[in-house]
Amino acid sequence: MAEQKTSAPAPITLIEAITQAMAYEMRNDDSVVVLGEDVGVNGGVFRATAGLQQAFGDERVLDTPLDETTIAGLTVGMASQGMKPVAEAQFDGFMYPMVDFIVCHAARMRYRTRGRLTCPMVLRVPWGGGIRAPEHHSEANESIFTNVPGLRVVMPSSPARAYGLLLAAIRDPDPVIFMEPKRIYRQYKELVPDDGEALPLDVCYVLRDGTDLTLVTWGAQVKETLEAADALAKDGISAEVIDVATLTPLDFDTIAESVAKTGRCVIVHEAAKTAGFGAEIAARLAEECMYDLVAPVERVTGYDTHIPLFRLEMKYLPSVDKIVAAAKRALAHS
Amino acid sequence: MAEQKTSAPAPITLIEAITQAMAYEMRNDDSVVVLGEDVGVNGGVFRATAGLQQAFGDERVLDTPLDETTIAGLTVGMASQGMKPVAEAQFDGFMYPMVDFIVCHAARMRYRTRGRLTCPMVLRVPWGGGIRAPEHHSEANESIFTNVPGLRVVMPSSPARAYGLLLAAIRDPDPVIFMEPKRIYRQYKELVPDDGEALPLDVCYVLRDGTDLTLVTWGAQVKETLEAADALAKDGISAEVIDVATLTPLDFDTIAESVAKTGRCVIVHEAAKTAGFGAEIAARLAEECMYDLVAPVERVTGYDTHIPLFRLEMKYLPSVDKIVAAAKRALAHS
Amino acid sequence: MTVAAKFEIEYLQYLDADGKAVSELPKAFKDPKVLLPLFKQMLYVRTFDTKAIALQRTGKLGTYAACLGHEATHVGIGASMKPEDVFAPSYREYGAQFMRGVLPREVLMYWGGDERGNDFQGPKNDYPWCVPISTQCLMASGAALSFKLRKQDRIAVACCGDGGSSKTDFYAALNSAGAYKLPLVLCVINNGWAISVPRKSQTGAQTLAQKGLAGGLHCLQVDGNDLIAVLEAMRRATERARTGEGGSVIEFMTYRLHDHTTADDARRYRGEDEVKAAWTREPMLRLRKYLEKAKAWDAKQEEAWLEECGRKVDVEINAYLETKVQPVEAMFDYLYGELPAELAAQREQAIAWEKRNG
Amino acid sequence: MTVAAKFEIEYLQYLDADGKAVSELPKAFKDPKVLLPLFKQMLYVRTFDTKAIALQRTGKLGTYAACLGHEATHVGIGASMKPEDVFAPSYREYGAQFMRGVLPREVLMYWGGDERGNDFQGPKNDYPWCVPISTQCLMASGAALSFKLRKQDRIAVACCGDGGSSKTDFYAALNSAGAYKLPLVLCVINNGWAISVPRKSQTGAQTLAQKGLAGGLHCLQVDGNDLIAVLEAMRRATERARTGEGGSVIEFMTYRLHDHTTADDARRYRGEDEVKAAWTREPMLRLRKYLEKAKAWDAKQEEAWLEECGRKVDVEINAYLETKVQPVEAMFDYLYGELPAELAAQREQAIAWEKRNG
Ligand SMILES: Cc1ncc(C[n+]2csc(CCOP(=O)(O)OP(=O)(O)O)c2C)c(N)n1
Ligand SMILES: Cc1ncc(C[n+]2csc(CCOP(=O)(O)OP(=O)(O)O)c2C)c(N)n1
Ligand SMILES: [Mg+2]
Ligand SMILES: [Mg+2]
């Protein structure tokens, strides 16, 4: 896989794009190492690291002992000594023991030492629900990091953005939490040239232009949101769709510009509503765009409950219908 | 101290009110135990548990080994077997290793087992900056828990509310994160009868009535916010001041009612701005009160940086001047 | 040389892979009458396991963690506990749980994506399956602390895997159990693998049992495929716990004969030979031989019993398959003791949405 | 009885509290020429410590963590490292840090509330003081892993306290060091207390050294008030680390003669007698006697040296006191490699606010 660089390009899935980005940067930069549980010979439980250990050896791709505190601590230790570790948390629900190291050390290494030591690391976290997985395998917990200065929280929603943003994350001189919407890991394929071109961080992506309202979302919900925009189009409603992609630091300008045009905003996310990251976007609108808004902001989110086990989980998640309904509520104002 | 129940009432500080509440409930309910680092013979590094071990013995007041994961895990273990543990994290900055147990077990025990097991625990966390303390002793990290369903996040700002809310927290059948604004632990004294009367949870407190604008805050910033209201009053401006006190579940009605009256809202908090809990309040305003607002919502918060070491920390924190300035910006709209 | 401390860790095995006694059997577990019900239970568990895997393969169950090969350890642990004790499993100790009254339909419900599987009708204080590795060990330490503080004559028993013994929560469990001298038995079920990571990659320690030394606990390593060794190890550890001598770490040496879960494909990372060899040491084999030699069991009995097992398990499977999905408001109904107003509004919204669009 | 594993942990002491040799001194540390500079360093550290406490008492420093009584352990550890190694202190190992080139003014700046104290001008790759207990141990394990992966001939040395040895991060450090056989030395400085919690309440383990067994590390317990024992223990551990034999846990037995920090009042929780007794075993005493007996040191030399120490420390204190506070934008300037646009706007706001209202 790491060797396929020169073979004819074929469309790839989001998760294949992630593998491709890691392989590219491992070839490009000796200091990049990959670590996590089962990332070695097994290639990761989602196969994100498939083939990497075979290609780069077990000193570049390390299985860790089964402890997330350990993964986080080793990662920060390596990063602060000049390596560029790309760590994997096996699932979103296993990331909490990493919070201490991320908040107390990764996010502060540069700040605390006035730049003497830094922490250029990436923590990859398969994120979110909807795959009929067991407990703790379906959590949308991005908000845990969004109030923490010194971090970047990034979430791609297409193969091309996964590739470009992961390259950017690995090259970034600061810690990046890279959340991967596992539900769309294999949703569709697209051509993603393995050209090593990174995308900018701190930029929101306008996926679809529109004039009547702005739909803002990230991660797996980009799928439903685009479908909702299609559905709305059938009713003659023109929805602009923004993939936030880089949650923090936030590129609010792109959102503000869109809302200045449309006057309406529906924010869609999978996490529970209260204090989900959608709140920040709505807050910025309330602070900076009040005079542009012709309708109240709407949030379409998970309920303020835990995501249920899988028999009920689809009832928890935002759906096309819920997004369309919110859009229509917003459009009812004028 | 635990014996002083019948002595003549004297005004007490916020931290003394906390001690008083714990002592009351330990007398009242055998299943209440206190645990944490140095909470025993030393009475806690802030003296919140002073006298408790002497009064109730070392099987009710336990020093723990030096590990926050351990404290959280033991607490959840005890709570799920029918005790009512009140745990202390020594400082805000040491609470992160507890996140895993709080999120994965405390918040889900009832949900996961359909009510078979529950987790009636309190985690007390001295919170916030401004006391010239060393690194990691000054953090405003309440937002880490506000997107987590199944928890209550509570923060008192007066001796009486500390007493009543802590009693409520201990008696509550679910996990409560009880954050204590350490900067105002000893700010002033008030009479707090040791009558065992709990205050309701999920209620915001209107500390001062006003008509021109609404100032919403919590924790130590209640002090500056009230002072700002005084300063505004001198300019003939009537500010309503709301102490959120119970962040989640949020009593938004009280805030909405106030803003319906005043049309302006300034939210003040110590945490970094982006995705701080103020965002949720601003978001709710944008969703539910847009037609009441005559001015954009303002947030006066910490910057999106870590709170600096103490030589600079006061420049990081919201101040009376900053609140007044924001209020005047809001009032400039009509 | 001055010696600061000295330790020795015992290894227990009574029956070898051929069912031959390698040392004097403990008196309590010599009698086939004691062993037979447990052997039957092991067969029952294996029947359940096989059928659960089949259910998953046919799309009637979510991801399932099999217990194939662990039966002696699991059943032996379950048999060593009293009803009032508390058990904290990881996610595959059905053998222990069935002995404590957990119903197979509950296991299926949990892996079938329904929280009601955790609402055990039997052991009301036992912990549910625990996905975040080894956190159950530390929770069990907290449970044990609550027993000690309230002077209850109960103990806590927690299980984790070889991988789980690397988890900081496992260390926190043994550290706190040692510090407070708690009635806790930590069972490390070393089945050789943590998904794809072999035991040797987890730690530089020669045994997993010795981790207990870090907390001053009693340590023991046993052949986890030998039911008698399991029972004897648990007898010692539970007795210590009950008599105030504190906690233990027991390492049970066994082997994961199945994939990690039904979502895993072990062929990617381990050789056929290793698995083949492990089948020669598996727990049923030796106990069957032993019991047959003692004239306590024969092929005919086994056939009849397996048939009965099949019938019993099918009843459970049917009960599972017939369970209706919870209504949408179930998301809200077990979140707080009393639903806060804010949440009540969302609950109504959810119900209304379902009515209209569900 | 079959034995699964057996361990023995050595205790090292060469000089007793009276400065008498209790066993044959290691060759490398017999010569007073080797010991003298370290003894002088210990005196220097104590001078610094005394003056820092006084600064705090007079309001010129924030909370300060003294190192009184730890000098032999700290200086011995610092002396055993090479410049290219990485040191991960907790928050009071000034003795080790000065040997590595950290400046006293940096120590003061840190405790004086200024991040620039962490910007060591000397050992560029050493970790700053670490407030979240024992996380430095795990970070050091990561550093050691990076050395191993890049085949650098460097080792990592981390310190934590007796309390810190209860922390899960400490266990994660030793577990990972064992799993990867890392060049890591974990120094557990057992000074009897973790703020108010005595050593015996932390763990049921007989020694803290034995915690290393949980990860298969080399374990050693030493008299941390005996510089020679400290040096010999570190010699063994660093040699193992450098030659690929892996990590060590060394428990240094010493005593915290001061309050935990200047914010603490130890009289609340520990008896005078214990402290008095500890003063008879403190590290200077015995080494001074030993060196005096060897005619390598005398009272006059000490007087002169202490005076010099005082002068040197005063220079550092003055440098600290003269340091101007950072400008408000310093909050932003070290947050990211390149300040994101959003933050740049806040930075401008902060500067503007200061200009108007500061
Ligand atoms: C905290 C956490 N990290 C990762 C996982 C994913 N995971 C599930 S089981 C497992 C391996 C467990 O191995 P072991 O402890 O040996 O138990 P076994 O499955 O072999 O019984 C892993 C890594 C998890 N469930 N929890
Ligand atoms: C994670 C964390 N919890 C709590 C504290 C508060 N605290 C600071 S020092 C200390 C005691 C440390 O004791 P020990 O490890 O023995 O080191 P010593 O101070 O005795 O050198 C505590 C509890 C902290 N700094 N970090
Ligand atoms: Mg295993
Ligand atoms: Mg100590």
# chains A, B, ... in the order shown; residues from 1 in each chain; ligands from 1
>>> select_by_dssp(residues="range 30-146 of chain C", states="alpha helix (DSSP H)", output="PyMOL selection string")
chain C and resi 32-57+71-79+94-99+104-111+135-146
>>> residues_around(residues="Asp195 in chain A", least_positions_apart="3", cutoff="9 Å", atoms="only C-alpha atoms", output="list of chain:residue names")
A:Tyr24, A:Val192, A:Ala198
>>> residues_near_ligand(ligand="ligand 3", cutoff="7 Å", atoms="only C-alpha atoms and all ligand atoms", output="ChimeraX atom specification")
/C:161-163,189-195
>>> interface_residues(of="chain B", to="chain C", cutoff="8 Å", atoms="only C-alpha atoms", output="number ranges by chain")
B: 59-60, 65, 67, 69-70, 73-78, 80-81, 83, 101, 104, 108, 110-117, 149-150, 173-174, 202, 249-251
>>> write_last_selection(atoms="C-alpha atoms", output="mmCIF file, in the first residue's frame")
data_model
loop_
_atom_site.group_PDB
_atom_site.id
_atom_site.type_symbol
_atom_site.label_atom_id
_atom_site.label_comp_id
_atom_site.auth_asym_id
_atom_site.auth_seq_id
_atom_site.Cartn_x
_atom_site.Cartn_y
_atom_site.Cartn_z
ATOM 1 C CA GLU B 59 -14.244 5.486 58.072
ATOM 2 C CA ARG B 60 -16.371 8.452 57.067
ATOM 3 C CA PRO B 65 -3.828 7.460 47.615
ATOM 4 C CA ASP B 67 -4.422 9.411 42.189
ATOM 5 C CA THR B 69 -8.414 8.163 38.643
ATOM 6 C CA THR B 70 -8.544 6.215 41.879
ATOM 7 C CA GLY B 73 -13.267 5.096 40.419
ATOM 8 C CA LEU B 74 -13.691 4.437 44.126
ATOM 9 C CA THR B 75 -16.368 7.090 44.264
ATOM 10 C CA VAL B 76 -18.359 5.549 41.453
ATOM 11 C CA GLY B 77 -17.879 2.109 42.979
ATOM 12 C CA MET B 78 -19.166 3.216 46.350
ATOM 13 C CA SER B 80 -23.222 2.391 42.761
ATOM 14 C CA GLN B 81 -23.367 0.149 45.827
ATOM 15 C CA MET B 83 -23.288 4.902 49.512
ATOM 16 C CA PHE B 101 -15.085 7.672 35.142
ATOM 17 C CA CYS B 104 -18.305 6.619 31.099
ATOM 18 C CA ARG B 108 -24.346 6.475 32.584
ATOM 19 C CA ARG B 110 -28.593 4.685 35.698
ATOM 20 C CA TYR B 111 -29.037 4.985 31.946
ATOM 21 C CA ARG B 112 -27.030 1.898 31.133
ATOM 22 C CA THR B 113 -28.720 -0.350 33.656
ATOM 23 C CA ARG B 114 -32.211 1.057 33.123
ATOM 24 C CA GLY B 115 -32.209 2.284 36.692
ATOM 25 C CA ARG B 116 -30.942 -0.910 38.350
ATOM 26 C CA LEU B 117 -27.758 0.779 39.560
ATOM 27 C CA PRO B 149 -25.872 14.080 29.611
ATOM 28 C CA GLY B 150 -26.742 12.529 32.955
ATOM 29 C CA PRO B 173 -29.880 10.657 43.302
ATOM 30 C CA ASP B 174 -27.543 11.407 40.412
ATOM 31 C CA ASP B 202 -31.811 23.420 38.007
ATOM 32 C CA PRO B 249 -29.504 21.009 33.362
ATOM 33 C CA LEU B 250 -29.963 24.682 32.620
ATOM 34 C CA ASP B 251 -32.915 26.737 33.796
#
>>> interface_residues(of="chain D", to="chain C", cutoff="7 Å", atoms="only C-alpha atoms", output="number ranges by chain")
D: 1-12, 166, 168, 171-172, 175-176, 178-179, 201-206, 210-211, 213-216, 221
>>> write_last_selection(atoms="N, CA and C atoms", output="mmCIF file, in the first residue's frame")
data_model
loop_
_atom_site.group_PDB
_atom_site.id
_atom_site.type_symbol
_atom_site.label_atom_id
_atom_site.label_comp_id
_atom_site.auth_asym_id
_atom_site.auth_seq_id
_atom_site.Cartn_x
_atom_site.Cartn_y
_atom_site.Cartn_z
ATOM 1 N N MET D 1 5.219 -27.224 45.832
ATOM 2 C CA MET D 1 4.722 -25.952 45.286
ATOM 3 C C MET D 1 5.519 -25.545 44.056
ATOM 4 N N THR D 2 4.824 -25.262 43.002
ATOM 5 C CA THR D 2 5.487 -24.793 41.785
ATOM 6 C C THR D 2 5.603 -23.275 41.849
ATOM 7 N N VAL D 3 6.773 -22.782 41.540
ATOM 8 C CA VAL D 3 6.994 -21.345 41.643
ATOM 9 C C VAL D 3 6.952 -20.716 40.252
ATOM 10 N N ALA D 4 6.100 -19.738 40.106
ATOM 11 C CA ALA D 4 5.975 -19.060 38.811
ATOM 12 C C ALA D 4 7.036 -17.983 38.659
ATOM 13 N N ALA D 5 7.375 -17.333 39.748
ATOM 14 C CA ALA D 5 8.371 -16.253 39.681
ATOM 15 C C ALA D 5 8.890 -15.948 41.076
ATOM 16 N N LYS D 6 10.091 -15.410 41.123
ATOM 17 C CA LYS D 6 10.808 -15.139 42.368
ATOM 18 C C LYS D 6 11.549 -13.826 42.242
ATOM 19 N N PHE D 7 11.546 -13.018 43.272
ATOM 20 C CA PHE D 7 12.193 -11.698 43.185
ATOM 21 C C PHE D 7 12.889 -11.349 44.483
ATOM 22 N N GLU D 8 13.917 -10.549 44.348
ATOM 23 C CA GLU D 8 14.630 -10.050 45.505
ATOM 24 C C GLU D 8 15.016 -8.613 45.199
ATOM 25 N N ILE D 9 14.770 -7.728 46.122
ATOM 26 C CA ILE D 9 15.089 -6.320 45.894
ATOM 27 C C ILE D 9 16.172 -5.881 46.865
ATOM 28 N N GLU D 10 17.221 -5.320 46.305
ATOM 29 C CA GLU D 10 18.390 -4.954 47.112
ATOM 30 C C GLU D 10 18.208 -3.584 47.754
ATOM 31 N N TYR D 11 18.819 -3.441 48.906
ATOM 32 C CA TYR D 11 18.840 -2.146 49.585
ATOM 33 C C TYR D 11 20.279 -1.664 49.628
ATOM 34 N N LEU D 12 20.494 -0.409 49.219
ATOM 35 C CA LEU D 12 21.858 0.138 49.189
ATOM 36 C C LEU D 12 22.044 1.223 50.243
ATOM 37 N N SER D 166 1.728 6.423 43.600
ATOM 38 C CA SER D 166 0.361 5.884 43.559
ATOM 39 C C SER D 166 -0.361 6.277 42.280
ATOM 40 N N THR D 168 -1.620 6.759 38.612
ATOM 41 C CA THR D 168 -1.712 5.835 37.484
ATOM 42 C C THR D 168 -0.668 6.147 36.413
ATOM 43 N N TYR D 171 2.411 4.237 37.035
ATOM 44 C CA TYR D 171 2.266 2.848 36.596
ATOM 45 C C TYR D 171 2.339 2.739 35.076
ATOM 46 N N ALA D 172 1.729 3.684 34.394
ATOM 47 C CA ALA D 172 1.775 3.656 32.927
ATOM 48 C C ALA D 172 3.217 3.817 32.453
ATOM 49 N N ASN D 175 4.974 0.506 33.128
ATOM 50 C CA ASN D 175 4.435 -0.531 32.251
ATOM 51 C C ASN D 175 4.971 -0.373 30.825
ATOM 52 N N SER D 176 4.958 0.850 30.344
ATOM 53 C CA SER D 176 5.418 1.061 28.970
ATOM 54 C C SER D 176 6.938 0.898 28.866
ATOM 55 N N GLY D 178 8.707 -1.107 30.510
ATOM 56 C CA GLY D 178 8.960 -2.548 30.489
ATOM 57 C C GLY D 178 8.574 -3.160 29.161
ATOM 58 N N ALA D 179 7.423 -2.740 28.640
ATOM 59 C CA ALA D 179 6.935 -3.329 27.392
ATOM 60 C C ALA D 179 7.898 -3.056 26.235
ATOM 61 N N SER D 201 -0.098 5.181 54.064
ATOM 62 C CA SER D 201 -1.469 5.263 53.555
ATOM 63 C C SER D 201 -1.540 5.191 52.033
ATOM 64 N N GLN D 202 -0.407 5.298 51.380
ATOM 65 C CA GLN D 202 -0.423 5.309 49.917
ATOM 66 C C GLN D 202 -0.619 3.928 49.327
ATOM 67 N N THR D 203 -0.066 2.925 49.997
ATOM 68 C CA THR D 203 -0.038 1.603 49.379
ATOM 69 C C THR D 203 0.198 0.522 50.421
ATOM 70 N N GLY D 204 -0.252 -0.670 50.092
ATOM 71 C CA GLY D 204 0.033 -1.812 50.936
ATOM 72 C C GLY D 204 1.364 -2.462 50.609
ATOM 73 N N ALA D 205 2.074 -1.936 49.642
ATOM 74 C CA ALA D 205 3.359 -2.541 49.262
ATOM 75 C C ALA D 205 4.401 -2.214 50.318
ATOM 76 N N GLN D 206 5.232 -3.207 50.563
ATOM 77 C CA GLN D 206 6.265 -3.139 51.590
ATOM 78 C C GLN D 206 7.350 -2.137 51.204
ATOM 79 N N GLN D 210 9.439 -2.048 44.735
ATOM 80 C CA GLN D 210 8.884 -3.262 44.137
ATOM 81 C C GLN D 210 7.809 -2.988 43.105
ATOM 82 N N LYS D 211 7.326 -1.763 43.040
ATOM 83 C CA LYS D 211 6.341 -1.444 42.007
ATOM 84 C C LYS D 211 6.907 -1.713 40.617
ATOM 85 N N LEU D 213 8.428 -4.182 39.659
ATOM 86 C CA LEU D 213 8.209 -5.578 39.259
ATOM 87 C C LEU D 213 6.971 -5.710 38.384
ATOM 88 N N ALA D 214 6.019 -4.823 38.599
ATOM 89 C CA ALA D 214 4.786 -4.879 37.811
ATOM 90 C C ALA D 214 5.063 -4.709 36.322
ATOM 91 N N GLY D 215 6.183 -4.070 36.007
ATOM 92 C CA GLY D 215 6.518 -3.877 34.600
ATOM 93 C C GLY D 215 7.757 -4.646 34.185
ATOM 94 N N GLY D 216 8.246 -5.480 35.091
ATOM 95 C CA GLY D 216 9.458 -6.234 34.780
ATOM 96 C C GLY D 216 10.706 -5.361 34.786
ATOM 97 N N GLN D 221 16.192 -0.283 46.221
ATOM 98 C CA GLN D 221 15.840 0.680 47.260
ATOM 99 C C GLN D 221 17.143 1.196 47.860
#
>>> residues_around(residues="Pro159 in chain B", least_positions_apart="5", cutoff="10 Å", atoms="only C-alpha atoms", output="PyMOL selection string")
chain B and resi 11-18+164-165+184-192
>>> interface_residues(of="chain A", to="chain B", cutoff="8 Å", atoms="only C-alpha atoms", output="MDAnalysis selection string")
chainID A and resid 93 96:97 99:100 103:104 108 136 143:150 272:277 279:290 295:299 304:306
>>> select_by_dssp(residues="range 163-301 of chain A", states="strand (DSSP E or B)", output="PyMOL selection string")
chain A and resi 176-181+190+205-208+213-217+239-243+246-248+265-272+298-301
>>> residues_around(residues="Gly236 in chain B", least_positions_apart="6", cutoff="12 Å", atoms="only C-alpha atoms", output="list of chain:residue names")
B:Gly210, B:Thr211, B:Asp212, B:Leu213, B:Ala229, B:Asp230, B:Lys328, B:Leu331
>>> closest_residue(among="B:Leu66, B:Cys265, B:Pro9, B:Ser334", to="ligand 4", atoms="only C-alpha atoms and all ligand atoms")
B:Leu66
>>> residues_around(residues="Ile71 in chain A", least_positions_apart="6", cutoff="9 Å", atoms="only C-alpha atoms", output="PyMOL selection string")
(chain A and resi 35-37+64-65+87-89+98) or (chain D and resi 142)
>>> residues_around(residues="Phe29 in chain D", least_positions_apart="2", cutoff="12 Å", atoms="only C-alpha atoms", output="list in words")
Tyr14, Leu15, Glu24, Leu25, Pro26, Lys27, Asp31, Pro32, Lys33, Val34, Leu35, Leu36, Leu38, Gly76, Ala79, Ser80, Asp226, Leu227, Ile228, Ala229, Val230, Leu231, Glu232, Ala233, Met234 and Arg235 of chain D
>>> residues_around(residues="Asn318 in chain C", least_positions_apart="5", cutoff="10 Å", atoms="only C-alpha atoms", output="ChimeraX atom specification")
/C:105,313,323
>>> atom_distance(atom1="CA of Glu239 in chain C", atom2="CA of Phe87 in chain C")
15.9 Å
>>> atom_distance(atom1="CA of Ala50 in chain A", atom2="CA of Val34 in chain A")
11.5 Å
>>> decode(residues="range 211-218 of chain A", atoms="all heavy atoms", output="CSV table (one decimal), in the first residue's frame")
chain,number,residue,atom,x,y,z
A,211,THR,N,-28.9,30.5,-1.4
A,211,THR,CA,-29.2,31.9,-1.1
A,211,THR,C,-30.3,32.0,0.0
A,211,THR,O,-30.4,33.1,0.6
A,211,THR,CB,-29.7,32.5,-2.4
A,211,THR,OG1,-30.8,31.7,-2.9
A,211,THR,CG2,-28.6,32.7,-3.4
A,212,ASP,N,-31.0,30.9,0.2
A,212,ASP,CA,-32.2,31.1,1.1
A,212,ASP,C,-31.9,30.8,2.6
A,212,ASP,O,-32.5,31.4,3.5
A,212,ASP,CB,-33.3,30.1,0.7
A,212,ASP,CG,-33.9,30.5,-0.7
A,212,ASP,OD1,-33.7,31.7,-1.0
A,212,ASP,OD2,-34.4,29.6,-1.4
A,213,LEU,N,-31.0,29.9,2.8
A,213,LEU,CA,-30.6,29.6,4.2
A,213,LEU,C,-29.2,28.9,4.2
A,213,LEU,O,-28.8,28.4,3.2
A,213,LEU,CB,-31.6,28.9,5.0
A,213,LEU,CG,-31.6,27.3,5.0
A,213,LEU,CD1,-32.5,26.8,6.1
A,213,LEU,CD2,-32.2,26.8,3.7
A,214,THR,N,-28.6,28.9,5.4
A,214,THR,CA,-27.3,28.3,5.5
A,214,THR,C,-27.4,27.1,6.4
A,214,THR,O,-27.9,27.2,7.5
A,214,THR,CB,-26.3,29.3,6.2
A,214,THR,OG1,-26.3,30.5,5.4
A,214,THR,CG2,-24.9,28.8,6.3
A,215,LEU,N,-26.9,26.0,6.0
A,215,LEU,CA,-26.8,24.8,6.8
A,215,LEU,C,-25.4,24.6,7.2
A,215,LEU,O,-24.5,24.5,6.3
A,215,LEU,CB,-27.4,23.6,6.0
A,215,LEU,CG,-28.8,23.7,5.5
A,215,LEU,CD1,-29.1,22.4,4.6
A,215,LEU,CD2,-29.8,23.9,6.6
A,216,VAL,N,-25.1,24.6,8.5
A,216,VAL,CA,-23.8,24.4,9.0
A,216,VAL,C,-23.6,23.1,9.7
A,216,VAL,O,-24.4,22.8,10.6
A,216,VAL,CB,-23.4,25.6,9.9
A,216,VAL,CG1,-22.0,25.4,10.5
A,216,VAL,CG2,-23.5,26.9,9.3
A,217,THR,N,-22.6,22.3,9.3
A,217,THR,CA,-22.5,21.0,10.0
A,217,THR,C,-21.0,20.6,9.9
A,217,THR,O,-20.1,21.3,9.4
A,217,THR,CB,-23.4,20.0,9.4
A,217,THR,OG1,-23.4,18.8,10.1
A,217,THR,CG2,-23.1,19.7,7.9
A,218,TRP,N,-20.8,19.4,10.4
A,218,TRP,CA,-19.4,18.8,10.2
A,218,TRP,C,-19.5,17.3,10.4
A,218,TRP,O,-20.5,16.8,11.0
A,218,TRP,CB,-18.4,19.4,11.3
A,218,TRP,CG,-18.9,19.3,12.7
A,218,TRP,CD1,-18.7,18.3,13.6
A,218,TRP,CD2,-19.7,20.3,13.4
A,218,TRP,NE1,-19.3,18.6,14.8
A,218,TRP,CE2,-19.9,19.8,14.7
A,218,TRP,CE3,-20.2,21.6,13.0
A,218,TRP,CZ2,-20.6,20.6,15.7
A,218,TRP,CZ3,-20.9,22.3,14.0
A,218,TRP,CH2,-21.0,21.8,15.3
